[in-house]
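Peer 1: Got a structure for you, written out below as structure tokens; questions coming shortly.
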Amino acid sequence: MQRYLVSRVLQGLLVIFLVSVGTFAMMHLIPGDPISLMIGEAHITQEQIDLIRARWGLDRPLHEQYLRWIGNMARGDFGESVVRSGVPVRTMIAEAASVTVTLNLVAFALSVALALPAGIVAAVRRYSLFDYAIMVSTTVGVALPNFWVGLMLIVVFSLVLRWLPPFGLPGWQGYVLPVAVIVSSQLALLARLMRSSVLDALGEDFVRTARAKGLPERRVVLKHAVRNALLPIVTVIGYRLAFILSGTIVVETVFALPGLGQLFIESVNRVDYQVVQAIVLLLSVLVVLGNLATDLVYGVIDPRIRIR
Amino acid sequence: MGRDDADALVIEKALRDLPATTRRAFLRQAALLGVATAAPVLIRRPVLVTAAPGPRRGGTVRVTGHHEISSLSPDDDGPSVHRTIITQIHNALLEVNEHFVLEKVLAENYVVSRDGLTYTFTLRRGVRFHDGREFTAEDVKYTYEFYGNPANGTVKAPLYTGIDRITIPDKYTVVVRLKEPNAAFLRRVATQFIVPAHYHSRVGERAYKGAPIGTGAFRLKEWRPAEYTVVEAFDQHFRGRPHIDQFREDIVPEASVRAIALRTGQADSAVWPLLAEDNLRFAADPNYTVFKTASLAVNHFPLNNDHPVLSDKRVRQAMMYAVDRQRLIDDVFKGTAVLATSNLAPSLQPWYNPNVKQYPYDPARARALLEEAGWRLGPGGVRTKDGRRASFTCVTITGDRARRPEAEVVQQDLAAVGIEMRLVERPVATILAQLPKGEMDASLFNWTYGGTGGEPDASDTLRSDAARNFSRFKNPRVDELLAAGLRATTTSQRRRIYHEIQAIVAEEVPFLFIMYWDWYNIFSKRIKGLPTTALQGDTALYRLAYRWWIE
């Protein structure tokens, strides 16, 4: 177990290093820089552009810029945004992340809480009315683009009914529609996965044995089938955890939520190096940690994996 | 314009030109005693004033912007979304109003020496910054010297390079001496917002970007760059406390959501334009006050004038004839634009030149011009000359939903006369960096070639060596005219010069000038105190928030 853990951690570090080099190279190979955008239509000379670039160290050789950046990152200094200058990138990310994490954790918890029982019931009562209802509604949930669902919810609940604000976070009400959009798309994925997974398990020999032993159906399903059906679900949950920080760009844009997705998109558009690099690196760390955590949870659920 | 509108305008102007104290007194008297007693002293025709109830105090005006407010410093007041707030917090010596007229704000008066080199400003007395300190000549000198110093890494440093020295003979007098005459000095430099010397020098520019202090009618209350920014009424403002308590700008990236917010009353106005169909819908709705003004930026295709295909003037002219620009306006922009004739917008009345070479839609003429230039039809319907195909690549902005369809229509129009225009997308930062270097053939966006703040100079985009010469346009006569235009002292001299520049641009077609978009500024009817007419919209209207009230 220990050797397994150490090798996984080392692999993770390698991934993070490669991501950092890749992101840095990509950002700096894009022609154009934040300065040319910042000045907009202002009257400016090339000399002044060069002077501002030098001020931000953008005139130094690339490898030198990389080493300085990665060194600072390792010490927890995320640098400063060129565009929103004077504000540490760490503060920007922390502020934006709190919105995104709240939004996604609530949506994710709600999705899991609804999807697991729905999937189980749909599997047990296969081809029942309930099963069809779940299958149809989840198919629609997956098929409709978040962008459109978001706008339609705004039209219905903000414009027509006037129950909820069309944008922003004036209070908890601001979270209702965005959470609904995310749940509608995640619910579908999880519920369908749970259903097919439980169906598979119900067809296994050990379920037949359990039934033959005369166990009540309730115990057969919950103790034997569901527990075994959980493995693929845990994989998906672990994998979705990384998306808790990054997966909601569209929703944040439609509902004007000042989250990480929006910060990321705006920063890419204005080539704000420090911010983009810091966010990508942070996400890669999260993906690595998410995978590591999934592997460990596997071990808890299925002891056979621990031994290998 | 009806007679009532004309009257209201007279009163509007009369009020604007009064000194602040008189104006406040007038409004107070008007409210207390009824207008009949106060008005005859000031205005000949008081009819309209009696009809209007007095301004009410209180409330919050909410507007929406489309991207984050990353700074509140005067150095970063370029984007409309920034300037909408920065103009509430700060004032300048002179400010350009919604009719392109220079208004005296922090300057009570100014005198220009006969040689055009010395500007003497007499400052308004008793003006206070938000921290209570008095505004003096020292602050003007400090502001111009700080932002004018290239070593401070400010974006606006090049604006001030023509200044020789600034002296302050007394607390309320500023004398600016220029190295050479500059006709654009008042509109470009004297309109820059003033920061407090004592405060700015202590905290520095970086901190100032998030914690500005000015003389404006509102002071900063809360700045959440990606979410909202709120400013609140400043009690000691020299023009009197504004009627509204707060002015707030929410950041809403999605245009259709901004329109819904305006519809539900969640917002009172949208700083950045909505979609064309929403604009038209609001314009037809009596519950909204709508200002339609011509944008100053021309919607155009910059063309690399060094490109082997595009370097021939006849090819560029042929492209102008080949594009059905009116159809673009009608089909792609639902009629909300006017045809461009050259580099200046028709709304710039004193400078606009309508008598230039015209390019009606005429594909036959386009083909004839291409034949004349030696481009013969080749395989696939694309013309060739000396083994080269009449082909180039146009780079549009990534995700630009408004202009991409426009590029596609133009692509078809050009194909019809035998020119191939390939379309690719790149981020805007890349386009702005590569285009002036000649690393791209063509692009499509809106940009001003003179006209900002009513100033016709276009040295930063049309001069051969300009940093923002997107088309690599090199014309010695235009260079000469641009230099002469800044040296000229009378309006009639200048008008001749800028008329000639427009004629040359229309003849040479350095870029395909397509149209000027109509700029819509939509306000909820509950906002009162808005001007009756405007020649320029955008931040020139939000600048007037100190006069608004909510009904």
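Lettering and numbering for the structure tokens are positional, with chains as A, B, ... in the shown order, residues counted from 1 in each chain, and ligands counted from 1 in the shown order.
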Report as number ranges by chain all protein, DNA and RNA residues lying within 8 Å of Val280 in chain A, evaluated on only C-alpha atoms, omitting residues in the same chain fewer than 5 positions from it.
Peer 2: A: 19-20, 23
Peer 1: Keeping N, CA and C atoms for every residue in the selection just given, could you write it to a file as an mmCIF file, in the first residue's frame?
Peer 2:
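again.cif written:
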data_model
loop_
_atom_site.group_PDB
_atom_site.id
_atom_site.type_symbol
_atom_site.label_atom_id
_atom_site.label_comp_id
_atom_site.auth_asym_id
_atom_site.auth_seq_id
_atom_site.Cartn_x
_atom_site.Cartn_y
_atom_site.Cartn_z
ATOM 1 N N VAL A 19 2.237 19.910 -16.860
ATOM 2 C CA VAL A 19 1.161 20.876 -17.093
ATOM 3 C C VAL A 19 1.690 22.296 -16.948
ATOM 4 N N SER A 20 2.524 22.550 -15.939
ATOM 5 C CA SER A 20 3.024 23.904 -15.715
ATOM 6 C C SER A 20 3.868 24.371 -16.896
ATOM 7 N N THR A 23 1.379 24.919 -19.960
ATOM 8 C CA THR A 23 0.564 26.129 -19.859
ATOM 9 C C THR A 23 1.413 27.365 -20.082
#
Peer 1: Quick check: residues of chain B within 8 Å of chain A, only C-alpha atoms, returned as number ranges by chain.
Peer 2: B: 70-71, 76, 78-79, 150-151, 153-159, 206-207, 209, 226-227, 251-254, 257, 260-261, 263-264, 266, 427-434, 447-448, 460, 466-467
Peer 1: For the residues selected in the previous step, produce a file with N, CA and C atoms as a short mmCIF file (atom, residue, chain, number, x, y, z; two decimals), in the first residue's frame.
Peer 2:
data_model
loop_
_atom_site.label_atom_id
_atom_site.label_comp_id
_atom_site.auth_asym_id
_atom_site.auth_seq_id
_atom_site.Cartn_x
_atom_site.Cartn_y
_atom_site.Cartn_z
N SER B 70 -11.66 46.27 -13.87
CA SER B 70 -10.39 45.85 -13.27
C SER B 70 -9.62 47.00 -12.64
N SER B 71 -10.02 48.23 -12.88
CA SER B 71 -9.33 49.36 -12.26
C SER B 71 -10.23 50.58 -12.24
N ASP B 76 -6.90 54.10 -16.54
CA ASP B 76 -7.56 52.95 -17.16
C ASP B 76 -9.00 53.26 -17.53
N GLY B 78 -10.32 53.88 -20.36
CA GLY B 78 -10.67 53.61 -21.75
C GLY B 78 -11.97 52.82 -21.91
N PRO B 79 -12.09 51.64 -21.31
CA PRO B 79 -13.31 50.86 -21.49
C PRO B 79 -14.53 51.57 -20.89
N PRO B 150 6.84 58.65 -18.42
CA PRO B 150 6.88 57.29 -18.97
C PRO B 150 7.44 56.28 -17.96
N ALA B 151 8.32 56.75 -17.07
CA ALA B 151 8.94 55.84 -16.11
C ALA B 151 7.91 55.26 -15.16
N GLY B 153 5.25 53.96 -16.04
CA GLY B 153 4.58 52.85 -16.71
C GLY B 153 3.10 53.09 -16.95
N THR B 154 2.70 54.33 -17.06
CA THR B 154 1.29 54.61 -17.28
C THR B 154 0.96 54.48 -18.76
N VAL B 155 -0.28 54.08 -19.01
CA VAL B 155 -0.74 53.91 -20.38
C VAL B 155 -0.83 55.26 -21.09
N LYS B 156 -1.16 56.29 -20.33
CA LYS B 156 -1.46 57.58 -20.95
C LYS B 156 -0.25 58.49 -21.13
N ALA B 157 0.94 58.02 -20.75
CA ALA B 157 2.12 58.89 -20.81
C ALA B 157 2.27 59.61 -22.16
N PRO B 158 2.06 58.94 -23.31
CA PRO B 158 2.29 59.62 -24.58
C PRO B 158 1.40 60.86 -24.79
N LEU B 159 0.26 60.91 -24.09
CA LEU B 159 -0.63 62.07 -24.23
C LEU B 159 0.08 63.36 -23.83
N ARG B 206 -0.79 51.77 -7.95
CA ARG B 206 -1.39 50.43 -7.88
C ARG B 206 -2.50 50.37 -6.86
N ALA B 207 -2.25 50.94 -5.69
CA ALA B 207 -3.29 50.92 -4.66
C ALA B 207 -4.43 51.84 -5.08
N LYS B 209 -5.72 52.29 -7.89
CA LYS B 209 -6.64 51.65 -8.85
C LYS B 209 -7.86 51.05 -8.15
N ALA B 226 -15.44 41.81 -10.35
CA ALA B 226 -16.16 40.93 -11.28
C ALA B 226 -17.65 40.89 -10.96
N GLU B 227 -18.07 41.57 -9.89
CA GLU B 227 -19.46 41.43 -9.46
C GLU B 227 -20.23 42.75 -9.56
N ILE B 251 -22.00 43.65 -13.06
CA ILE B 251 -21.34 43.03 -14.20
C ILE B 251 -22.17 41.83 -14.67
N VAL B 252 -22.70 41.93 -15.87
CA VAL B 252 -23.54 40.87 -16.46
C VAL B 252 -23.04 40.60 -17.87
N PRO B 253 -22.26 39.53 -18.08
CA PRO B 253 -21.61 39.31 -19.38
C PRO B 253 -22.60 39.02 -20.51
N GLU B 254 -23.71 38.36 -20.21
CA GLU B 254 -24.59 37.88 -21.27
C GLU B 254 -25.60 38.96 -21.67
N VAL B 257 -29.33 38.54 -20.91
CA VAL B 257 -29.66 38.67 -19.48
C VAL B 257 -29.68 40.15 -19.09
N ILE B 260 -33.04 41.36 -20.07
CA ILE B 260 -34.08 40.90 -19.14
C ILE B 260 -34.03 41.73 -17.86
N ALA B 261 -32.83 42.02 -17.37
CA ALA B 261 -32.69 42.81 -16.15
C ALA B 261 -33.30 44.21 -16.34
N ARG B 263 -35.68 44.89 -18.39
CA ARG B 263 -37.11 44.65 -18.52
C ARG B 263 -37.77 44.45 -17.14
N THR B 264 -37.10 43.74 -16.22
CA THR B 264 -37.71 43.44 -14.92
C THR B 264 -37.48 44.56 -13.91
N GLN B 266 -34.59 45.27 -12.66
CA GLN B 266 -33.38 44.93 -11.90
C GLN B 266 -32.25 45.89 -12.27
N PRO B 427 -7.79 35.25 -30.92
CA PRO B 427 -8.14 36.16 -29.82
C PRO B 427 -7.80 37.60 -30.18
N VAL B 428 -8.55 38.52 -29.60
CA VAL B 428 -8.39 39.93 -29.96
C VAL B 428 -6.99 40.44 -29.66
N ALA B 429 -6.37 39.96 -28.57
CA ALA B 429 -5.02 40.43 -28.23
C ALA B 429 -4.02 40.07 -29.34
N THR B 430 -4.20 38.90 -29.91
CA THR B 430 -3.33 38.46 -30.99
C THR B 430 -3.51 39.35 -32.22
N ILE B 431 -4.75 39.66 -32.55
CA ILE B 431 -5.03 40.47 -33.73
C ILE B 431 -4.41 41.86 -33.57
N LEU B 432 -4.63 42.47 -32.41
CA LEU B 432 -4.11 43.83 -32.20
C LEU B 432 -2.60 43.86 -32.25
N ALA B 433 -1.95 42.77 -31.85
CA ALA B 433 -0.49 42.75 -31.84
C ALA B 433 0.07 42.47 -33.24
N GLN B 434 -0.56 41.55 -33.97
CA GLN B 434 0.03 41.11 -35.24
C GLN B 434 -0.31 42.01 -36.43
N TRP B 447 -13.11 50.49 -34.76
CA TRP B 447 -12.04 51.27 -34.14
C TRP B 447 -12.21 52.73 -34.58
N THR B 448 -11.77 53.66 -33.74
CA THR B 448 -11.87 55.07 -34.14
C THR B 448 -10.65 55.50 -34.92
N ASP B 460 -2.79 58.54 -34.31
CA ASP B 460 -2.44 57.24 -33.74
C ASP B 460 -2.85 56.06 -34.62
N ALA B 466 2.48 55.14 -36.94
CA ALA B 466 1.64 55.01 -35.75
C ALA B 466 1.65 53.58 -35.22
N ALA B 467 1.61 53.44 -33.88
CA ALA B 467 1.62 52.12 -33.25
C ALA B 467 0.35 51.34 -33.60
#
Peer 1: Of the candidates A:Leu189, A:Leu161, A:Thr248, A:Arg126, which shows the shortest atom-to-atom distance to Pro232 in chain A, using only C-alpha atoms?
Peer 2: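 Between A:Leu189, A:Leu161, A:Thr248, A:Arg126, the residue approaching Pro232 in chain A most closely is A:Leu189.
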Peer 1: Give me every strand (DSSP E or B) residue in range 322-531 of chain B, going by DSSP on the backbone, as an MDAnalysis selection string.
Peer 2: chainID B and resid 337:339 376:377 383:385 388:389 391:397 420:426 442:443 445:447 511:524 527:528
Peer 1: Near range 66-73 of chain A, counting only C-alpha atoms, which residues have an atom at most 9 Å away, once you skip same-chain residues fewer than 2 positions from it, shown as a count of residues only?
Peer 2: 15
Peer 1: From the set A:Ile233, A:Leu260, A:Met152, A:Ala201, which residue has the shortest atom-to-atom contact distance to Ser256 in chain B, counting only C-alpha atoms?
Peer 2: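 Among the listed residues, the smallest separation from Ser256 in chain B belongs to A:Met152.
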Peer 1: Let's see if you can do this: from backbone DSSP, list all alpha helix (DSSP H) residues in range 141-303 of chain A, as an NGL selection string.
Peer 2: :A and (141-143 or 146-154 or 173-202 or 205-212 or 217-219 or 227-241 or 243-246 or 249-254 or 260-269 or 273-301 or 303)
Peer 1: List the spatial neighbours of range 482-498 of chain B as a list of chain:residue names - criterion: any atom at most 9 Å away, only C-alpha atoms, same-chain residues fewer than 3 positions off excluded.
Peer 2: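 Answer for this query is B:Asp115, B:Gly116, B:Glu180, B:Pro181, B:Asn182, B:Ala183, B:Ala184, B:Phe185, B:Pro350, B:Trp351, B:Tyr352, B:Asn353, B:Pro456, B:Asp457, B:Ala458, B:Ser459, B:Leu462, B:Arg463, B:Arg477, B:Val478, B:Asp479, B:Ile501, B:Gln502, B:Ala503.
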Peer 1: Using only C-alpha atoms, please write the residues we just selected to a file, as a PDB file, in the first residue's frame.
Peer 2:
ATOM      1  CA  ASP B 115       1.160  81.527 -30.249  1.00  0.00           C
ATOM      2  CA  GLY B 116      -0.875  78.533 -29.039  1.00  0.00           C
ATOM      3  CA  GLU B 180       4.788  73.132 -29.922  1.00  0.00           C
ATOM      4  CA  PRO B 181       1.198  74.113 -30.622  1.00  0.00           C
ATOM      5  CA  ASN B 182      -1.280  71.272 -30.209  1.00  0.00           C
ATOM      6  CA  ALA B 183      -4.847  71.919 -31.298  1.00  0.00           C
ATOM      7  CA  ALA B 184      -5.987  68.760 -29.534  1.00  0.00           C
ATOM      8  CA  PHE B 185      -4.568  69.800 -26.154  1.00  0.00           C
ATOM      9  CA  PRO B 350     -18.023  70.255 -37.729  1.00  0.00           C
ATOM     10  CA  TRP B 351     -15.514  67.807 -39.201  1.00  0.00           C
ATOM     11  CA  TYR B 352     -17.507  65.366 -41.301  1.00  0.00           C
ATOM     12  CA  ASN B 353     -16.975  65.598 -45.082  1.00  0.00           C
ATOM     13  CA  PRO B 456     -10.769  64.763 -35.386  1.00  0.00           C
ATOM     14  CA  ASP B 457      -7.028  63.986 -35.123  1.00  0.00           C
ATOM     15  CA  ALA B 458      -6.162  60.409 -36.199  1.00  0.00           C
ATOM     16  CA  SER B 459      -2.379  60.455 -35.739  1.00  0.00           C
ATOM     17  CA  LEU B 462      -3.402  56.888 -39.888  1.00  0.00           C
ATOM     18  CA  ARG B 463       0.151  58.200 -39.542  1.00  0.00           C
ATOM     19  CA  ARG B 477       0.331  63.725 -47.739  1.00  0.00           C
ATOM     20  CA  VAL B 478      -1.764  62.323 -44.885  1.00  0.00           C
ATOM     21  CA  ASP B 479       1.282  62.480 -42.575  1.00  0.00           C
ATOM     22  CA  ILE B 501      -7.818  63.535 -45.025  1.00  0.00           C
ATOM     23  CA  GLN B 502     -11.287  62.001 -45.358  1.00  0.00           C
ATOM     24  CA  ALA B 503     -11.158  62.533 -49.133  1.00  0.00           C
TER      25      ALA B 503
END
Peer 1: Neighbours of Tyr208 in chain B within 9 Å (only C-alpha atoms; same-chain residues fewer than 3 positions away dropped), as a list in words?
Peer 2: Gly86 of chain A; Ser71, Leu72, Ser73, Tyr199, His200, Val203, Gly204, Glu205, Ala211, Pro212 and Ile213 of chain B
Peer 1: Output N, CA, C and O atoms for every residue in the selection just made, as an mmCIF file, in the first residue's frame.
Peer 2:
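Ended up saving to out18.cif:
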data_model
loop_
_atom_site.group_PDB
_atom_site.id
_atom_site.type_symbol
_atom_site.label_atom_id
_atom_site.label_comp_id
_atom_site.auth_asym_id
_atom_site.auth_seq_id
_atom_site.Cartn_x
_atom_site.Cartn_y
_atom_site.Cartn_z
ATOM 1 N N GLY A 86 -2.107 45.252 -8.849
ATOM 2 C CA GLY A 86 -2.198 45.644 -7.454
ATOM 3 C C GLY A 86 -2.946 44.602 -6.646
ATOM 4 O O GLY A 86 -2.861 44.576 -5.430
ATOM 5 N N SER B 71 -10.021 48.227 -12.882
ATOM 6 C CA SER B 71 -9.330 49.355 -12.265
ATOM 7 C C SER B 71 -10.232 50.576 -12.243
ATOM 8 O O SER B 71 -11.080 50.751 -13.115
ATOM 9 N N LEU B 72 -10.031 51.445 -11.226
ATOM 10 C CA LEU B 72 -10.810 52.681 -11.138
ATOM 11 C C LEU B 72 -9.909 53.894 -11.283
ATOM 12 O O LEU B 72 -10.280 55.001 -10.920
ATOM 13 N N SER B 73 -8.697 53.690 -11.803
ATOM 14 C CA SER B 73 -7.771 54.802 -11.987
ATOM 15 C C SER B 73 -8.071 55.524 -13.295
ATOM 16 O O SER B 73 -8.427 54.893 -14.293
ATOM 17 N N TYR B 199 -2.810 62.371 -1.590
ATOM 18 C CA TYR B 199 -3.215 60.976 -1.380
ATOM 19 C C TYR B 199 -2.535 60.025 -2.358
ATOM 20 O O TYR B 199 -1.943 59.017 -1.967
ATOM 21 N N HIS B 200 -2.582 60.381 -3.641
ATOM 22 C CA HIS B 200 -2.013 59.502 -4.664
ATOM 23 C C HIS B 200 -0.517 59.292 -4.450
ATOM 24 O O HIS B 200 -0.003 58.188 -4.601
ATOM 25 N N VAL B 203 -0.190 56.674 -1.498
ATOM 26 C CA VAL B 203 -0.553 55.257 -1.672
ATOM 27 C C VAL B 203 0.018 54.637 -2.950
ATOM 28 O O VAL B 203 0.179 53.428 -3.039
ATOM 29 N N GLY B 204 0.303 55.466 -3.950
ATOM 30 C CA GLY B 204 0.842 54.923 -5.204
ATOM 31 C C GLY B 204 -0.269 54.508 -6.164
ATOM 32 O O GLY B 204 -1.407 54.264 -5.753
ATOM 33 N N GLU B 205 0.102 54.403 -7.452
ATOM 34 C CA GLU B 205 -0.885 54.142 -8.501
ATOM 35 C C GLU B 205 -1.567 52.780 -8.336
ATOM 36 O O GLU B 205 -2.767 52.646 -8.525
ATOM 37 N N ALA B 211 -8.749 52.104 -4.854
ATOM 38 C CA ALA B 211 -9.209 52.994 -3.778
ATOM 39 C C ALA B 211 -9.055 54.452 -4.188
ATOM 40 O O ALA B 211 -8.303 55.209 -3.586
ATOM 41 N N PRO B 212 -9.758 54.861 -5.241
ATOM 42 C CA PRO B 212 -9.584 56.214 -5.753
ATOM 43 C C PRO B 212 -10.317 57.261 -4.910
ATOM 44 O O PRO B 212 -11.319 56.943 -4.262
ATOM 45 N N ILE B 213 -9.776 58.476 -4.929
ATOM 46 C CA ILE B 213 -10.428 59.610 -4.260
ATOM 47 C C ILE B 213 -10.428 60.749 -5.266
ATOM 48 O O ILE B 213 -9.383 61.089 -5.815
#
Peer 1: Quick one: everything within 9 Å of Val226 in chain A, counting only C-alpha atoms, minus sequence neighbours fewer than 6 positions away in the same chain. Send it as a PyMOL selection string.
Peer 2: chain A and resi 120+194+197-198+201-202+220
Peer 1: When you look at range 363-369 of chain B with a cut-off of 12 Å (counting only C-alpha atoms), what residues show up, excluding the ones that are within fewer than 2 positions of it in the same chain? I need them as a PyMOL selection string.
Peer 2: chain B and resi 312-324+359-361+371-377+382-383+412-419
